[in-house]
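Asker: Input structure: protein38.cif, which contains mmCIF, C-alpha atoms.
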```cif
data_data
loop_
_atom_site.label_atom_id
_atom_site.label_comp_id
_atom_site.auth_asym_id
_atom_site.auth_seq_id
_atom_site.Cartn_x
_atom_site.Cartn_y
_atom_site.Cartn_z
CA MET P 25 30.67 22.27 -117.82
CA ALA P 26 30.50 25.93 -116.80
CA SER P 27 27.02 27.50 -116.80
CA LEU P 28 26.75 31.21 -116.05
CA ILE P 29 23.93 33.71 -115.61
CA ILE P 30 24.52 37.28 -116.72
CA GLY P 31 21.61 39.65 -116.22
CA GLN P 32 18.44 39.56 -114.17
CA GLY P 33 14.68 39.48 -114.44
CA GLY P 34 12.26 36.86 -115.75
CA LEU P 35 13.76 33.41 -116.24
CA LEU P 36 17.17 34.55 -115.02
CA ASP P 37 15.75 35.48 -111.62
CA VAL P 38 14.13 32.05 -111.34
CA LEU P 39 17.49 30.42 -112.02
CA ARG P 40 19.40 32.76 -109.73
CA ASP P 41 17.03 31.97 -106.87
CA ARG P 42 17.46 28.21 -107.21
CA VAL P 43 21.14 27.81 -108.09
CA PRO P 44 23.82 28.71 -105.51
CA MET P 45 25.44 32.02 -106.44
CA ARG P 46 28.94 30.55 -106.56
CA ARG P 47 27.79 28.20 -109.34
CA TRP P 48 26.58 30.87 -111.79
CA ARG P 49 28.10 34.24 -110.83
CA ILE P 50 31.17 35.86 -112.40
CA PRO P 51 33.40 37.64 -109.84
CA ALA P 52 33.07 40.99 -111.59
CA SER P 53 30.67 43.93 -111.56
CA GLU P 54 27.31 43.39 -113.23
CA ASP P 55 27.81 45.62 -116.27
CA PHE P 56 28.36 43.96 -119.65
CA ALA P 57 31.88 45.30 -120.24
CA ALA P 58 33.22 44.01 -116.91
CA GLN P 59 31.61 40.61 -117.33
CA SER P 60 32.87 40.27 -120.89
CA ASP P 61 36.40 41.36 -120.01
CA PHE P 62 36.59 38.85 -117.17
CA LEU P 63 35.59 35.97 -119.42
CA LYS P 64 38.08 37.02 -122.08
CA GLN P 65 40.84 37.00 -119.44
CA HIS P 66 39.73 33.60 -118.15
CA PRO P 67 39.02 31.47 -121.24
CA LEU P 68 37.54 28.01 -121.17
CA LYS P 69 39.96 25.17 -120.64
CA PRO P 70 40.58 22.82 -123.58
CA GLY P 71 37.64 20.45 -123.89
CA GLN P 72 35.52 22.43 -121.43
CA HIS P 73 31.98 23.42 -122.43
CA GLY P 74 30.59 26.78 -121.39
CA THR P 75 27.05 28.14 -121.45
CA ILE P 76 25.82 31.64 -120.69
CA PHE P 77 22.20 32.60 -120.10
CA THR P 78 21.69 36.33 -120.50
CA ASN P 79 19.24 39.12 -121.27
CA MET P 80 21.95 41.78 -121.30
CA PRO P 81 22.34 43.47 -124.70
CA GLY P 82 25.80 43.81 -126.20
CA ASN P 83 28.17 42.28 -128.71
CA TRP P 84 28.56 38.69 -127.54
CA LEU P 85 30.34 37.52 -130.69
CA PRO P 86 33.89 37.59 -129.22
CA LEU P 87 32.82 35.27 -126.40
CA ALA P 88 30.93 33.03 -128.82
CA ASP P 89 34.11 32.80 -130.90
CA MET P 90 35.93 31.68 -127.75
CA GLY P 91 33.64 28.67 -127.44
CA TRP P 92 30.85 29.96 -125.20
CA LYS P 93 27.29 29.00 -126.14
CA ILE P 94 25.19 32.03 -125.28
CA TYR P 95 21.41 31.77 -124.96
CA TRP P 96 19.25 34.89 -125.12
CA ALA P 97 16.81 34.57 -122.20
CA ASP P 98 14.38 37.26 -123.28
CA THR P 99 11.95 38.18 -126.02
CA GLY P 100 12.67 40.68 -128.77
CA GLN P 101 15.69 41.02 -131.03
CA ILE P 102 18.54 38.61 -130.35
CA PRO P 103 21.95 40.33 -129.94
CA VAL P 104 24.84 39.30 -132.16
CA GLY P 105 26.68 36.28 -130.82
CA THR P 106 23.70 34.88 -128.91
CA GLN P 107 21.12 32.31 -129.94
CA SER P 108 17.51 31.66 -129.06
CA PHE P 109 16.50 28.77 -126.84
CA PRO P 110 15.89 25.59 -128.87
CA SER P 111 12.43 24.07 -128.50
CA TYR P 112 13.68 21.13 -126.47
CA LEU P 113 14.93 23.52 -123.77
CA LEU P 114 11.77 25.61 -123.81
CA ASN P 115 9.77 22.45 -123.07
CA ARG P 116 11.90 21.50 -120.06
CA SER P 117 10.71 22.04 -116.52
CA VAL P 118 12.87 24.20 -114.28
CA THR P 119 13.71 21.00 -112.39
CA ASP P 120 15.09 19.27 -115.49
CA PHE P 121 16.77 22.43 -116.80
CA ILE P 122 18.77 23.08 -113.62
CA LYS P 123 19.63 19.40 -113.35
CA GLU P 124 21.08 19.45 -116.87
CA PHE P 125 23.15 22.62 -116.58
CA TRP P 126 24.16 22.62 -112.91
CA GLY P 127 23.57 19.04 -111.76
CA ILE P 128 21.42 20.28 -108.87
CA GLU P 129 18.13 18.79 -107.66
CA VAL P 130 15.39 21.40 -107.22
CA ILE P 131 11.61 21.18 -107.23
CA ASP P 132 9.96 23.51 -109.74
CA LYS P 133 7.63 22.05 -112.36
CA ARG P 134 7.13 25.27 -114.34
CA LEU P 135 8.15 25.15 -117.97
CA ILE P 136 11.07 27.27 -119.20
CA GLY P 137 9.12 28.52 -122.23
CA GLU P 138 6.14 29.51 -120.10
CA ILE P 139 8.34 31.54 -117.75
CA MET P 140 10.01 33.35 -120.65
CA LEU P 141 6.57 34.35 -121.91
CA GLY P 142 5.55 35.59 -118.47
CA ARG P 143 3.11 32.76 -117.83
CA THR P 144 2.89 30.82 -114.60
CA ARG P 145 1.23 27.56 -115.66
CA GLN P 146 2.82 24.53 -114.07
CA MET P 147 2.96 20.98 -115.29
CA ALA P 148 0.04 18.95 -113.99
CA PRO P 149 0.45 17.24 -110.62
CA MET P 150 0.92 13.49 -110.79
CA ILE P 151 0.36 10.65 -108.36
CA ILE P 152 1.93 7.23 -108.64
CA VAL P 153 -0.16 4.51 -107.01
CA THR P 154 1.90 1.50 -106.00
CA SER P 155 2.78 -0.82 -103.14
CA ASN P 156 5.14 -3.65 -102.30
CA THR P 157 2.41 -6.26 -102.38
CA GLY P 158 -0.63 -7.19 -104.42
CA GLY P 159 -4.33 -7.23 -103.62
CA VAL P 160 -4.45 -3.98 -101.67
CA GLY P 161 -6.55 -1.91 -104.06
CA LYS P 162 -4.01 -0.07 -106.22
CA THR P 163 -6.01 -0.32 -109.44
CA VAL P 164 -9.31 0.67 -107.83
CA SER P 165 -7.67 3.52 -105.90
CA SER P 166 -6.27 4.88 -109.15
CA ARG P 167 -9.75 5.08 -110.64
CA ARG P 168 -11.14 6.67 -107.48
CA LEU P 169 -8.52 9.42 -107.69
CA CYS P 170 -9.51 10.18 -111.28
CA GLU P 171 -13.20 10.08 -110.44
CA ARG P 172 -12.60 12.63 -107.69
CA ALA P 173 -10.60 14.78 -110.11
CA ALA P 174 -13.48 14.69 -112.59
CA GLU P 175 -15.88 15.79 -109.83
CA MET P 176 -13.58 18.75 -109.25
CA LYS P 177 -13.85 19.61 -112.99
CA LEU P 178 -10.24 18.64 -113.66
CA HIS P 179 -9.26 17.07 -116.97
CA ALA P 180 -7.64 13.89 -115.63
CA LEU P 181 -5.66 11.07 -117.26
CA LEU P 182 -5.21 7.58 -115.84
CA ILE P 183 -2.12 5.77 -117.18
CA ASP P 184 -1.89 2.01 -116.75
CA GLY P 185 1.72 1.17 -115.92
CA ASN P 186 1.07 -2.47 -115.11
CA MET P 187 2.51 -3.97 -118.27
CA ARG P 188 2.28 -7.56 -117.00
CA GLN P 189 -1.44 -7.55 -116.24
CA SER P 190 -2.90 -4.48 -118.03
CA SER P 191 -5.10 -4.01 -114.98
CA GLN P 192 -7.15 -1.08 -116.26
CA ARG P 193 -7.71 -2.68 -119.66
CA SER P 194 -8.93 -5.83 -117.92
CA PHE P 195 -11.50 -3.75 -116.03
CA PHE P 196 -12.79 -1.60 -118.89
CA ASP P 197 -12.40 -4.15 -121.68
CA PRO P 198 -12.10 -7.63 -120.12
CA ALA P 199 -12.57 -9.41 -123.46
CA HIS P 200 -10.01 -7.13 -125.12
CA ASN P 201 -12.28 -6.72 -128.12
CA MET P 202 -12.53 -2.93 -128.15
CA ARG P 203 -10.39 -0.86 -130.48
CA VAL P 204 -8.50 1.22 -127.98
CA ARG P 205 -5.26 3.15 -127.94
CA THR P 206 -2.37 2.18 -125.72
CA ILE P 207 0.77 3.98 -124.67
CA ALA P 208 2.59 2.00 -127.37
CA ASP P 209 0.60 3.91 -130.03
CA TRP P 210 2.31 7.14 -129.01
CA GLN P 211 5.78 8.10 -130.19
CA PRO P 212 7.83 11.21 -129.32
CA GLY P 213 6.69 14.14 -131.43
CA MET P 214 3.06 13.01 -131.47
CA PRO P 215 0.37 14.74 -129.41
CA PRO P 216 -0.21 12.78 -126.18
CA GLN P 217 -3.83 12.14 -127.14
CA ARG P 218 -2.49 9.53 -129.59
CA GLY P 219 -1.74 7.30 -126.62
CA ALA P 220 -4.99 7.87 -124.75
CA ASN P 221 -8.70 7.11 -124.98
CA PRO P 222 -11.40 9.72 -124.26
CA GLY P 223 -13.42 8.97 -121.16
CA ARG P 224 -16.74 9.22 -122.98
CA MET P 225 -15.73 6.13 -124.94
CA LEU P 226 -15.57 4.18 -121.67
CA ASN P 227 -18.39 5.99 -119.85
CA VAL P 228 -16.14 7.70 -117.30
CA GLY P 229 -15.26 11.32 -116.65
CA TYR P 230 -11.53 10.97 -117.23
CA ASP P 231 -9.27 9.76 -120.04
CA LEU P 232 -7.23 6.56 -120.05
CA SER P 233 -3.93 5.42 -121.50
CA PHE P 234 -3.79 1.62 -121.46
CA ALA P 235 -0.67 -0.50 -121.06
CA PRO P 236 0.76 -2.05 -124.23
CA PRO P 237 -1.04 -5.14 -125.57
CA ALA P 238 0.40 -8.61 -125.07
CA GLY P 239 3.56 -9.16 -127.07
CA ILE P 240 4.49 -5.47 -127.20
CA THR P 241 6.87 -3.97 -124.67
CA VAL P 242 7.81 -0.33 -124.16
CA THR P 243 10.56 0.99 -121.92
CA TRP P 244 10.09 2.99 -118.77
CA GLU P 245 11.89 5.81 -120.57
CA HIS P 246 9.06 5.71 -123.12
CA TYR P 247 6.57 6.00 -120.26
CA ARG P 248 8.45 8.95 -118.78
CA LYS P 249 8.56 10.79 -122.09
CA TYR P 250 4.84 10.23 -122.57
CA ILE P 251 4.06 11.40 -119.04
CA GLU P 252 6.09 14.57 -119.61
CA GLU P 253 3.87 15.44 -122.59
CA ALA P 254 0.69 14.31 -120.85
CA ARG P 255 1.33 16.61 -117.89
CA LYS P 256 1.33 19.56 -120.29
CA LYS P 257 -2.06 18.54 -121.70
CA TRP P 258 -4.10 17.21 -118.77
CA ASP P 259 -4.77 18.87 -115.40
CA PHE P 260 -4.05 15.81 -113.31
CA VAL P 261 -2.27 12.51 -114.03
CA VAL P 262 -2.45 9.21 -112.14
CA LEU P 263 -0.01 6.39 -112.89
CA ASP P 264 -1.22 2.95 -111.81
CA LEU P 265 1.84 0.75 -111.27
CA ASP P 266 2.26 -2.88 -110.34
CA ARG P 267 3.88 -3.78 -107.02
CA ILE P 268 7.48 -2.65 -106.56
CA SER P 269 10.35 -3.96 -104.46
CA ALA P 270 13.01 -2.10 -102.53
CA ASP P 271 15.53 -4.40 -104.19
CA ASP P 272 14.69 -2.77 -107.54
CA LEU P 273 15.20 0.86 -106.54
CA SER P 274 18.61 1.03 -108.21
CA ASP P 275 17.58 -0.90 -111.34
CA ARG P 276 16.37 1.52 -114.03
CA ASP P 277 14.83 -1.35 -116.00
CA THR P 278 12.21 -1.84 -113.29
CA ALA P 279 9.18 0.24 -112.36
CA ALA P 280 10.82 1.16 -109.05
CA GLY P 281 14.13 2.34 -110.45
CA GLY P 282 12.92 3.52 -113.84
CA MET P 283 9.77 5.37 -112.79
CA VAL P 284 9.31 5.92 -109.07
CA VAL P 285 12.82 6.95 -108.05
CA PRO P 286 13.41 9.58 -110.80
CA TYR P 287 10.08 11.25 -110.11
CA VAL P 288 10.51 11.25 -106.34
CA LEU P 289 13.99 12.79 -106.70
CA ALA P 290 12.54 15.47 -108.98
CA GLY P 291 9.76 16.23 -106.50
CA CYS P 292 7.12 15.53 -109.12
CA VAL P 293 5.12 12.88 -107.34
CA CYS P 294 3.06 12.03 -104.31
CA SER P 295 3.51 8.28 -103.93
CA ILE P 296 0.84 6.21 -102.25
CA GLU P 297 1.26 2.96 -100.37
CA SER P 298 -2.18 1.90 -101.46
CA GLY P 299 -4.69 0.63 -98.92
CA PRO P 300 -8.48 0.67 -98.58
CA CYS P 301 -10.10 2.75 -101.29
CA GLU P 302 -11.82 4.98 -98.73
CA ARG P 303 -8.43 6.57 -97.91
CA VAL P 304 -8.45 8.22 -101.31
CA GLU P 305 -11.43 10.39 -100.46
CA SER P 306 -9.50 12.32 -97.83
CA LEU P 307 -6.30 12.77 -99.85
CA GLN P 308 -5.31 16.42 -100.03
CA MET P 309 -3.10 17.22 -103.00
CA SER P 310 -1.69 20.48 -104.31
CA GLY P 311 -4.51 22.43 -102.67
CA ARG P 312 -6.92 21.21 -105.32
CA PHE P 313 -8.44 18.12 -103.67
#
```
Please re-express this file's structure in structure tokens.

Answerer:
Amino acid sequence: MASLIIGQGGLLDVLRDRVPMRRWRIPASEDFAAQSDFLKQHPLKPGQHGTIFTNMPGNWLPLADMGWKIYWADTGQIPVGTQSFPSYLLNRSVTDFIKEFWGIEVIDKRLIGEIMLGRTRQMAPMIIVTSNTGGVGKTVSSRRLCERAAEMKLHALLIDGNMRQSSQRSFFDPAHNMRVRTIADWQPGMPPQRGANPGRMLNVGYDLSFAPPAGITVTWEHYRKYIEEARKKWDFVVLDLDRISADDLSDRDTAAGGMVVPYVLAGCVCSIESGPCERVESLQMSGRF
């Protein structure tokens, strides 16, 4: 797939700064006529997909007719031949966007739609709490992190990713007789609050999303989609995972391969080898703790 950037400013500058020039630049002068003429003289190969991101006005219809998909990366009237960004792209982080169109790993959690509107809000920071053994305080450390976040006036969410034991549910509702929401109650398209419980319900200063109840299983992909929405809503997210094994790092059906590895590669996580709970108090994260 060929993905090109024509123009500058706003979102295009963000992309230009993070993608190597040889991957997005046309070897022609920067005016619209020269760029357009070059692409007409060098059409896409049969079966090849081409995408252009631009904020340069002009008649893009001839290139669209040649098979290019041309996204208008600006506000205001959309020139002929271009199309606006679909909502699913506007909700992508820069990390995911560049990975999709250029196959490059970068670290930038800002949302495409926010950048196009001139906003600078980033997706909430997230910490995954895990270890390669049990009994070292992972579950307690997760709560301590959220308690500290609440003290700092951050709207925090604790997600229980221990589907085998439902560790957080066992602490807050050991008899399992409370009517609570779990991550299984949320489906894509719903607001993330549908999978979470307000802290006031459990007498804590942060919200909780419990693991699915016994007999119900959700995929790690479901967890990742929920977390993506949750990080747009809450200020800080903690994911409490069960122990993981190095043998599972390449298996996407496990917590290690399906959750930890993708987030580490995307630069979206500070992973803790959990130890004594007191270590949490000195954790410095994103300049906010």

Asker: Dig up all the protein and nucleic acid residues within 12 Å of (13.8, 20.3, -115.4) in the file frame, using all atoms listed in the file, and format them as a VMD selection string.

Answerer: chain P and resid 39 42 112 to 137 146 to 147 252 286 to 287 289 to 292

Asker: Quick one: which residues end up in the PyMOL selection byres ((chain P and resi 231-236) around 9) for this structure, as a PyMOL selection string?

Answerer: chain P and resi 170+179-193+204-209+217+219-226+228-230+237-242

Asker: Could you dump the residues just selected with C-alpha atoms as a PDB file, in the coordinates of the input?

Answerer:
```
ATOM      1  CA  CYS P 170      -9.510  10.180-111.280  1.00  0.00           C
ATOM      2  CA  HIS P 179      -9.260  17.070-116.970  1.00  0.00           C
ATOM      3  CA  ALA P 180      -7.640  13.890-115.630  1.00  0.00           C
ATOM      4  CA  LEU P 181      -5.660  11.070-117.260  1.00  0.00           C
ATOM      5  CA  LEU P 182      -5.210   7.580-115.840  1.00  0.00           C
ATOM      6  CA  ILE P 183      -2.120   5.770-117.180  1.00  0.00           C
ATOM      7  CA  ASP P 184      -1.890   2.010-116.750  1.00  0.00           C
ATOM      8  CA  GLY P 185       1.720   1.170-115.920  1.00  0.00           C
ATOM      9  CA  ASN P 186       1.070  -2.470-115.110  1.00  0.00           C
ATOM     10  CA  MET P 187       2.510  -3.970-118.270  1.00  0.00           C
ATOM     11  CA  ARG P 188       2.280  -7.560-117.000  1.00  0.00           C
ATOM     12  CA  GLN P 189      -1.440  -7.550-116.240  1.00  0.00           C
ATOM     13  CA  SER P 190      -2.900  -4.480-118.030  1.00  0.00           C
ATOM     14  CA  SER P 191      -5.100  -4.010-114.980  1.00  0.00           C
ATOM     15  CA  GLN P 192      -7.150  -1.080-116.260  1.00  0.00           C
ATOM     16  CA  ARG P 193      -7.710  -2.680-119.660  1.00  0.00           C
ATOM     17  CA  VAL P 204      -8.500   1.220-127.980  1.00  0.00           C
ATOM     18  CA  ARG P 205      -5.260   3.150-127.940  1.00  0.00           C
ATOM     19  CA  THR P 206      -2.370   2.180-125.720  1.00  0.00           C
ATOM     20  CA  ILE P 207       0.770   3.980-124.670  1.00  0.00           C
ATOM     21  CA  ALA P 208       2.590   2.000-127.370  1.00  0.00           C
ATOM     22  CA  ASP P 209       0.600   3.910-130.030  1.00  0.00           C
ATOM     23  CA  GLN P 217      -3.830  12.140-127.140  1.00  0.00           C
ATOM     24  CA  GLY P 219      -1.740   7.300-126.620  1.00  0.00           C
ATOM     25  CA  ALA P 220      -4.990   7.870-124.750  1.00  0.00           C
ATOM     26  CA  ASN P 221      -8.700   7.110-124.980  1.00  0.00           C
ATOM     27  CA  PRO P 222     -11.400   9.720-124.260  1.00  0.00           C
ATOM     28  CA  GLY P 223     -13.420   8.970-121.160  1.00  0.00           C
ATOM     29  CA  ARG P 224     -16.740   9.220-122.980  1.00  0.00           C
ATOM     30  CA  MET P 225     -15.730   6.130-124.940  1.00  0.00           C
ATOM     31  CA  LEU P 226     -15.570   4.180-121.670  1.00  0.00           C
ATOM     32  CA  VAL P 228     -16.140   7.700-117.300  1.00  0.00           C
ATOM     33  CA  GLY P 229     -15.260  11.320-116.650  1.00  0.00           C
ATOM     34  CA  TYR P 230     -11.530  10.970-117.230  1.00  0.00           C
ATOM     35  CA  PRO P 237      -1.040  -5.140-125.570  1.00  0.00           C
ATOM     36  CA  ALA P 238       0.400  -8.610-125.070  1.00  0.00           C
ATOM     37  CA  GLY P 239       3.560  -9.160-127.070  1.00  0.00           C
ATOM     38  CA  ILE P 240       4.490  -5.470-127.200  1.00  0.00           C
ATOM     39  CA  THR P 241       6.870  -3.970-124.670  1.00  0.00           C
ATOM     40  CA  VAL P 242       7.810  -0.330-124.160  1.00  0.00           C
TER      41      VAL P 242
END
```

Asker: Between atom CA of P:Val153 and atom CA of P:Val262, what distance in Å does the model show, to one decimal?

Answerer: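 Interatomic distance here is 7.3 Å.
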
Asker: Let me make sure I understand: among P:Thr106, P:Ser165, P:Ser155, P:Gln211, which one has the smallest atom-to-atom distance to P:Thr75 if we use only C-alpha atoms?

Answerer: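 Once distances to P:Thr75 are computed over only C-alpha atoms, the minimum belongs to P:Thr106.
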
Asker: Spell out the residues picked by the PyMOL selection byres ((chain P and resi 76) around 10) here, as a PyMOL selection string.

Answerer: chain P and resi 26-30+48+74-75+77-79+87-88+92-97+106

Asker: Which of these, P:Leu63, P:Ser108, P:Val288, P:Lys249, has the shortest distance to P:Met90 once you count all atoms listed in the file?

Answerer: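 Nearest candidate to P:Met90 out of P:Leu63, P:Ser108, P:Val288, P:Lys249: P:Leu63.
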
Asker: Expressed in Å to a single decimal, how great is the separation between atom CA of P:Leu178 and atom CA of P:Val285?

Answerer: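 Pair atom CA of P:Leu178 / atom CA of P:Val285 returns 26.5 Å.
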
Asker: Give me, please, the distance in Å between atom CA of P:Thr99 and atom CA of P:Lys256, quoted to one decimal.

Answerer: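 Calculated distance between atom CA of P:Thr99 and atom CA of P:Lys256 is 22.2 Å.
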
Asker: Take the PyMOL selection byres ((chain P and resi 148) around 6), run it mentally on this structure, and tell me the resulting residues as a PyMOL selection string.

Answerer: chain P and resi 147+149+255+259-260

Asker: Between P:Phe196, P:Ser274, P:Val284, P:Pro215, single out the one closest to P:Lys257, counting all atoms listed in the file.

Answerer: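 Using all atoms listed in the file, P:Lys257 sits closest to P:Pro215.
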
Asker: Between P:Arg203, P:Ser60, P:Gln32, P:Met25, which one has atoms that come closest to P:His73, using all atoms listed in the file?

Answerer: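 Of the candidates, the smallest distance to P:His73 is held by P:Met25.
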
Asker: Find the residue from P:Pro44, P:Gly82, P:Gly161, P:Gly91 that sits nearest to P:Lys64; use all atoms listed in the file when measuring.

Answerer: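 The shortest atom-to-atom distance to P:Lys64 comes from P:Gly91.
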
Asker: Here is a test: counting all atoms listed in the file, which residue of P:Met283, P:Ala270, P:Leu265, P:Leu85 is nearest to P:Val164?

Answerer: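 Closest residue, counting all atoms listed in the file: P:Leu265.
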
Asker: Give as a PyMOL selection string the set of residues within 10 Å of the point (25.2, 41.1, -133.3), where distances use the file's coordinates and only C-alpha atoms.

Answerer: chain P and resi 81-85+101-106

Asker: Can you complete the atoms of stretch 276-292 of chain P to N, CA, C and O atoms and list them as an mmCIF file, keeping the file's coordinate frame?

Answerer:
```
data_model
loop_
_atom_site.group_PDB
_atom_site.id
_atom_site.type_symbol
_atom_site.label_atom_id
_atom_site.label_comp_id
_atom_site.auth_asym_id
_atom_site.auth_seq_id
_atom_site.Cartn_x
_atom_site.Cartn_y
_atom_site.Cartn_z
ATOM 1 N N ARG P 276 17.184 0.632 -113.203
ATOM 2 C CA ARG P 276 16.370 1.520 -114.030
ATOM 3 C C ARG P 276 15.516 0.762 -115.041
ATOM 4 O O ARG P 276 14.693 1.364 -115.722
ATOM 5 N N ASP P 277 15.683 -0.555 -115.115
ATOM 6 C CA ASP P 277 14.830 -1.350 -116.000
ATOM 7 C C ASP P 277 13.555 -1.810 -115.303
ATOM 8 O O ASP P 277 12.715 -2.475 -115.905
ATOM 9 N N THR P 278 13.407 -1.474 -114.043
ATOM 10 C CA THR P 278 12.210 -1.840 -113.290
ATOM 11 C C THR P 278 11.328 -0.618 -113.060
ATOM 12 O O THR P 278 11.770 0.531 -113.218
ATOM 13 N N ALA P 279 10.090 -0.862 -112.654
ATOM 14 C CA ALA P 279 9.180 0.240 -112.360
ATOM 15 C C ALA P 279 9.688 1.086 -111.200
ATOM 16 O O ALA P 279 9.545 2.314 -111.195
ATOM 17 N N ALA P 280 10.312 0.420 -110.220
ATOM 18 C CA ALA P 280 10.820 1.160 -109.050
ATOM 19 C C ALA P 280 11.962 2.090 -109.444
ATOM 20 O O ALA P 280 11.935 3.286 -109.161
ATOM 21 N N GLY P 281 12.967 1.534 -110.105
ATOM 22 C CA GLY P 281 14.130 2.340 -110.450
ATOM 23 C C GLY P 281 13.958 3.209 -111.671
ATOM 24 O O GLY P 281 14.571 4.273 -111.790
ATOM 25 N N GLY P 282 13.107 2.778 -112.601
ATOM 26 C CA GLY P 282 12.920 3.520 -113.840
ATOM 27 C C GLY P 282 11.829 4.557 -113.800
ATOM 28 O O GLY P 282 11.826 5.481 -114.617
ATOM 29 N N MET P 283 10.895 4.432 -112.844
ATOM 30 C CA MET P 283 9.770 5.370 -112.790
ATOM 31 C C MET P 283 9.697 6.086 -111.443
ATOM 32 O O MET P 283 9.737 7.307 -111.366
ATOM 33 N N VAL P 284 9.583 5.312 -110.368
ATOM 34 C CA VAL P 284 9.310 5.920 -109.070
ATOM 35 C C VAL P 284 10.473 6.776 -108.588
ATOM 36 O O VAL P 284 10.289 7.949 -108.225
ATOM 37 N N VAL P 285 11.682 6.222 -108.597
ATOM 38 C CA VAL P 285 12.820 6.950 -108.050
ATOM 39 C C VAL P 285 13.094 8.269 -108.785
ATOM 40 O O VAL P 285 13.254 9.316 -108.144
ATOM 41 N N PRO P 286 13.151 8.297 -110.130
ATOM 42 C CA PRO P 286 13.410 9.580 -110.800
ATOM 43 C C PRO P 286 12.375 10.648 -110.491
ATOM 44 O O PRO P 286 12.719 11.818 -110.319
ATOM 45 N N TYR P 287 11.104 10.257 -110.388
ATOM 46 C CA TYR P 287 10.080 11.250 -110.110
ATOM 47 C C TYR P 287 10.127 11.732 -108.660
ATOM 48 O O TYR P 287 9.911 12.907 -108.377
ATOM 49 N N VAL P 288 10.404 10.833 -107.736
ATOM 50 C CA VAL P 288 10.510 11.250 -106.340
ATOM 51 C C VAL P 288 11.685 12.217 -106.179
ATOM 52 O O VAL P 288 11.576 13.241 -105.500
ATOM 53 N N LEU P 289 12.822 11.908 -106.805
ATOM 54 C CA LEU P 289 13.990 12.790 -106.700
ATOM 55 C C LEU P 289 13.716 14.162 -107.298
ATOM 56 O O LEU P 289 14.255 15.169 -106.846
ATOM 57 N N ALA P 290 12.871 14.202 -108.334
ATOM 58 C CA ALA P 290 12.540 15.470 -108.980
ATOM 59 C C ALA P 290 11.419 16.210 -108.264
ATOM 60 O O ALA P 290 11.087 17.331 -108.628
ATOM 61 N N GLY P 291 10.835 15.586 -107.231
ATOM 62 C CA GLY P 291 9.760 16.230 -106.500
ATOM 63 C C GLY P 291 8.471 16.321 -107.272
ATOM 64 O O GLY P 291 7.626 17.168 -106.990
ATOM 65 N N CYS P 292 8.275 15.436 -108.242
ATOM 66 C CA CYS P 292 7.120 15.530 -109.120
ATOM 67 C C CYS P 292 6.005 14.556 -108.746
ATOM 68 O O CYS P 292 5.095 14.344 -109.525
#
```
